[in-house]
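*Asks:* Below is the file upload15.cif, with mmCIF, C-alpha atoms.
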data_model
loop_
_atom_site.label_atom_id
_atom_site.label_comp_id
_atom_site.auth_asym_id
_atom_site.auth_seq_id
_atom_site.Cartn_x
_atom_site.Cartn_y
_atom_site.Cartn_z
CA MET A 1 0.00 0.00 0.00
CA GLY A 2 3.01 2.29 -0.12
CA PRO A 3 4.71 4.43 2.48
CA VAL A 4 2.97 5.65 5.62
CA ARG A 5 1.34 9.03 5.08
CA LEU A 6 2.51 11.11 8.06
CA ALA A 7 0.75 14.39 8.79
CA VAL A 8 2.89 16.79 10.83
CA ILE A 9 0.38 19.10 12.51
CA ILE A 10 1.61 22.51 13.70
CA GLY A 11 -0.67 23.15 16.68
CA SER A 12 0.07 26.80 17.47
CA THR A 13 -1.34 29.71 15.52
CA ARG A 14 0.41 32.47 17.50
CA GLU A 15 2.50 35.11 15.79
CA GLY A 16 6.18 34.52 16.46
CA ARG A 17 5.62 30.86 17.34
CA ALA A 18 8.52 28.42 17.40
CA GLY A 19 6.33 25.65 15.99
CA GLU A 20 7.10 26.34 12.33
CA GLU A 21 10.86 26.01 12.83
CA ILE A 22 10.52 22.94 15.01
CA ALA A 23 8.17 21.32 12.48
CA ARG A 24 10.60 22.13 9.65
CA TRP A 25 13.42 20.51 11.67
CA PHE A 26 11.29 17.42 12.37
CA VAL A 27 10.25 17.08 8.72
CA ALA A 28 13.95 17.24 7.78
CA GLN A 29 14.55 14.27 10.09
CA ALA A 30 11.95 12.30 8.10
CA ALA A 31 13.46 13.30 4.75
CA GLY A 32 14.99 10.47 2.80
CA ARG A 33 12.96 7.74 4.50
CA ASP A 34 11.39 5.43 1.92
CA ASP A 35 8.74 4.28 4.39
CA LEU A 36 7.19 7.75 4.92
CA THR A 37 5.61 10.55 2.94
CA VAL A 38 5.21 13.72 4.97
CA ASN A 39 2.57 16.41 4.72
CA VAL A 40 2.67 19.51 6.94
CA VAL A 41 -0.73 20.61 8.22
CA ASP A 42 -0.33 24.12 9.67
CA LEU A 43 -3.38 25.20 11.67
CA ALA A 44 -2.52 28.82 10.89
CA ASP A 45 -3.52 28.05 7.27
CA TYR A 46 -7.09 27.12 8.25
CA ASP A 47 -9.79 29.66 9.03
CA LEU A 48 -11.52 27.44 11.55
CA PRO A 49 -14.54 29.06 13.21
CA ALA A 50 -14.40 29.94 16.90
CA ARG A 51 -17.82 28.36 17.44
CA TYR A 52 -18.82 24.94 16.26
CA PRO A 53 -21.27 25.64 13.39
CA ALA A 54 -24.44 23.71 12.58
CA GLU A 55 -22.89 22.79 9.21
CA PRO A 56 -19.15 22.25 8.57
CA THR A 57 -17.37 25.11 6.84
CA ASP A 58 -14.97 24.62 3.91
CA ALA A 59 -12.05 24.99 6.34
CA ILE A 60 -13.45 22.30 8.64
CA ARG A 61 -14.00 19.97 5.69
CA SER A 62 -10.51 20.64 4.37
CA PHE A 63 -8.89 19.95 7.74
CA ALA A 64 -10.93 16.76 8.26
CA ARG A 65 -9.85 15.56 4.78
CA GLU A 66 -6.18 16.00 5.77
CA VAL A 67 -6.78 13.96 8.92
CA GLU A 68 -8.65 11.30 6.92
CA ARG A 69 -5.82 11.00 4.35
CA ALA A 70 -3.11 10.49 6.96
CA ASP A 71 -2.02 7.11 8.31
CA ALA A 72 -0.18 8.66 11.28
CA PHE A 73 0.32 12.02 12.98
CA ALA A 74 3.13 13.95 14.61
CA VAL A 75 1.59 16.81 16.57
CA VAL A 76 3.98 19.73 17.07
CA THR A 77 2.68 21.47 20.16
CA PRO A 78 3.85 24.17 22.51
CA GLU A 79 3.10 24.14 26.18
CA TYR A 80 1.13 27.21 27.22
CA ASN A 81 0.30 27.44 30.93
CA HIS A 82 0.87 23.69 31.46
CA SER A 83 -1.42 22.74 28.59
CA PHE A 84 -1.70 22.81 24.82
CA PRO A 85 -3.15 25.67 22.76
CA ALA A 86 -6.87 26.19 22.24
CA SER A 87 -6.29 26.30 18.47
CA LEU A 88 -5.12 22.69 18.59
CA LYS A 89 -8.05 21.48 20.70
CA GLN A 90 -10.48 23.24 18.41
CA ALA A 91 -8.95 21.61 15.31
CA ILE A 92 -8.85 18.17 16.94
CA ASP A 93 -12.55 18.46 17.73
CA TYR A 94 -13.45 19.31 14.12
CA ALA A 95 -12.54 15.76 13.11
CA TYR A 96 -13.72 12.63 14.90
CA ASP A 97 -13.93 9.38 12.96
CA GLU A 98 -10.92 10.52 10.92
CA TRP A 99 -8.60 10.07 13.95
CA GLN A 100 -9.75 6.58 14.87
CA ALA A 101 -7.32 3.66 14.89
CA LYS A 102 -4.35 5.80 13.84
CA PRO A 103 -1.12 6.51 15.74
CA VAL A 104 -0.27 9.92 17.15
CA GLY A 105 3.17 11.05 18.30
CA PHE A 106 4.26 14.35 19.80
CA VAL A 107 6.99 16.89 19.16
CA ALA A 108 6.55 19.26 22.09
CA TYR A 109 8.31 22.40 23.14
CA GLY A 110 8.33 24.76 26.08
CA CYS A 111 10.54 26.34 28.64
CA ARG A 112 12.14 23.80 30.99
CA SER A 113 9.21 21.34 30.80
CA THR A 114 9.88 20.55 27.12
CA GLY A 115 6.12 20.56 26.58
CA LEU A 116 5.42 17.38 28.50
CA HIS A 117 2.43 18.80 30.39
CA ALA A 118 0.78 19.49 27.03
CA VAL A 119 1.58 15.97 25.83
CA ASP A 120 0.05 14.39 28.95
CA GLN A 121 -3.22 16.19 28.29
CA LEU A 122 -3.18 15.45 24.56
CA ARG A 123 -2.79 11.73 25.26
CA THR A 124 -6.12 11.83 27.11
CA VAL A 125 -7.82 13.70 24.27
CA PHE A 126 -6.57 11.33 21.57
CA THR A 127 -7.47 8.26 23.64
CA ALA A 128 -11.05 9.55 23.78
CA LEU A 129 -10.97 9.74 19.97
CA HIS A 130 -9.84 6.08 19.71
CA ALA A 131 -6.39 7.05 18.43
CA THR A 132 -3.23 5.30 19.65
CA THR A 133 -0.53 7.52 21.12
CA VAL A 134 3.03 6.26 20.93
CA ARG A 135 5.22 6.21 24.01
CA ASP A 136 8.27 8.23 23.02
CA VAL A 137 8.20 12.01 22.63
CA VAL A 138 10.51 14.62 21.15
CA GLY A 139 10.75 17.35 23.80
CA VAL A 140 12.46 20.65 23.02
CA ASP A 141 13.49 23.05 25.80
CA LEU A 142 13.37 26.48 24.18
CA LEU A 143 15.73 27.83 26.82
CA GLY A 144 18.40 25.65 25.22
CA GLY A 145 17.63 26.98 21.75
CA GLU A 146 15.83 25.41 18.81
CA PRO A 147 17.01 22.04 17.41
CA SER A 148 20.18 22.03 15.39
CA PRO A 149 20.04 21.17 11.68
CA GLU A 150 23.27 19.13 11.99
CA CYS A 151 21.42 16.67 14.20
CA ALA A 152 24.09 14.84 16.12
CA ASP A 153 22.49 15.02 19.54
CA GLN A 154 19.91 13.24 21.71
CA LEU A 155 17.07 15.25 20.19
CA CYS A 156 17.83 13.78 16.78
CA GLN A 157 17.90 10.28 18.24
CA ASP A 158 14.51 11.00 19.86
CA ALA A 159 13.16 12.08 16.47
CA ARG A 160 14.39 8.87 14.80
CA VAL A 161 12.77 6.76 17.53
CA LEU A 162 9.47 8.63 17.21
CA LEU A 163 9.50 8.29 13.41
CA ASP A 164 10.22 4.55 13.73
CA GLN A 165 7.32 4.10 16.15
CA LEU A 166 4.90 6.12 14.01
CA THR A 167 5.91 4.14 10.93
CA TRP A 168 5.45 0.78 12.65
CA TRP A 169 2.08 1.70 14.14
CA GLY A 170 1.02 3.48 10.95
CA LEU A 171 1.61 0.33 8.89
CA ALA A 172 0.08 -2.01 11.46
CA LEU A 173 -3.06 0.03 11.97
CA ARG A 174 -3.48 0.78 8.25
CA ASP A 175 -3.36 -2.96 7.54
CA ALA A 176 -5.78 -3.63 10.39
CA ARG A 177 -8.27 -0.99 9.17
CA ALA A 178 -8.08 -2.47 5.66
CA ALA A 179 -8.73 -6.00 6.97
CA ARG A 180 -11.49 -4.98 9.36
CA PRO A 181 -12.98 -1.46 9.58
CA TYR A 182 -12.67 0.02 13.06
CA VAL A 183 -15.92 0.33 14.98
CA SER A 184 -16.22 2.48 18.08
#
Using structure tokens, write down the structure from this file.
*Replies:*
Amino acid sequence: MGPVRLAVIIGSTREGRAGEEIARWFVAQAAGRDDLTVNVVDLADYDLPARYPAEPTDAIRSFAREVERADAFAVVTPEYNHSFPASLKQAIDYAYDEWQAKPVGFVAYGCRSTGLHAVDQLRTVFTALHATTVRDVVGVDLLGGEPSPECADQLCQDARVLLDQLTWWGLALRDARAARPYVS
């Protein structure tokens, strides 16, 4: 069925966010892998409504299609006040069935905490959506600077491990969904 289709979701929409650079770095780690195709889904590119409408808007439909197309997800999230951004929760809620029986990994960033409070809360959200979160996380402490493009450190090893896990789970769950549709 071909390589795993990995959607890298940039969860912050703030001006001056670090998420774009961190996502670009993470996508570069996936470059050259034959077992993955990567698509960046930047929430800043979607005009998602602040209130859940009676009928889905074009932006909601477009976002849900990106989630549907993907076999696996890497969510790039900051930690704001020990949680993840409202823009990310809003987007997650605009899809439902599209998340089911797919793996989700996290590339988190923050100051000192490396975004792990946000990841803990996102695990709960994705579990409620019947998605499978992988164990390992890429955590970036912004006080130490953004990840280096040379990639000879522990952060790069963490990225390789996360990509390996997402690829394994992406293949396994894609095969399982093809053999037997997931029912929640």
*Asks:* For the provided coordinates, the residues matched by the PyMOL selection byres ((chain A and resi 17-27) around 10) should be stated as a ChimeraX atom specification.
*Replies:* /A:6-16,28-31,37-42,74-78,107-110,138,140,142,146-151,155-156,159-160,163
*Asks:* I'd like to see the residues matched by the PyMOL selection byres ((chain A and resi 45-49) around 9) on this file, and ideally I'd get them as a PDB file with C-alpha atoms, in the coordinates of the input.
*Replies:*
ATOM      1  CA  THR A  13      -1.340  29.710  15.520  1.00  0.00           C
ATOM      2  CA  VAL A  41      -0.730  20.610   8.220  1.00  0.00           C
ATOM      3  CA  ASP A  42      -0.330  24.120   9.670  1.00  0.00           C
ATOM      4  CA  LEU A  43      -3.380  25.200  11.670  1.00  0.00           C
ATOM      5  CA  ALA A  44      -2.520  28.820  10.890  1.00  0.00           C
ATOM      6  CA  ALA A  50     -14.400  29.940  16.900  1.00  0.00           C
ATOM      7  CA  ARG A  51     -17.820  28.360  17.440  1.00  0.00           C
ATOM      8  CA  TYR A  52     -18.820  24.940  16.260  1.00  0.00           C
ATOM      9  CA  PRO A  53     -21.270  25.640  13.390  1.00  0.00           C
ATOM     10  CA  THR A  57     -17.370  25.110   6.840  1.00  0.00           C
ATOM     11  CA  ASP A  58     -14.970  24.620   3.910  1.00  0.00           C
ATOM     12  CA  ALA A  59     -12.050  24.990   6.340  1.00  0.00           C
ATOM     13  CA  ILE A  60     -13.450  22.300   8.640  1.00  0.00           C
ATOM     14  CA  SER A  62     -10.510  20.640   4.370  1.00  0.00           C
ATOM     15  CA  PHE A  63      -8.890  19.950   7.740  1.00  0.00           C
ATOM     16  CA  SER A  87      -6.290  26.300  18.470  1.00  0.00           C
ATOM     17  CA  GLN A  90     -10.480  23.240  18.410  1.00  0.00           C
ATOM     18  CA  ALA A  91      -8.950  21.610  15.310  1.00  0.00           C
ATOM     19  CA  TYR A  94     -13.450  19.310  14.120  1.00  0.00           C
TER      20      TYR A  94
END
*Asks:* In Å, how far is it from atom CA of A:Val104 to atom CA of A:Gly32?
*Replies:*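 Those two atoms sit 21.0 Å apart.
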*Asks:* Which value, in Å to one decimal, gives the distance between atom CA of A:Leu171 and atom CA of A:Asp34?
*Replies:*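 Here the two named atoms are 13.0 Å from each other.
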*Asks:* Just the number, please: distance in Å from atom CA of A:Asp93 to atom CA of A:His117, one decimal.
*Replies:*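 Spanning atom CA of A:Asp93 to atom CA of A:His117 is a straight-line distance of 19.6 Å.
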*Asks:* Using all atoms listed in the file, which protein or nucleic acid residues come within 12 Å of A:Thr133? Drop anything in the same chain fewer than 4 positions from it, and give the result as a ChimeraX atom specification.
*Replies:* /A:72-75,99-106,119-129,137,162,165-166,169-170
*Asks:* Return as a ChimeraX atom specification the set of residues that the PyMOL selection byres ((chain A and resi 81) around 12) yields on the displayed structure.
*Replies:* /A:78-80,82-86,110-111,113,115-118
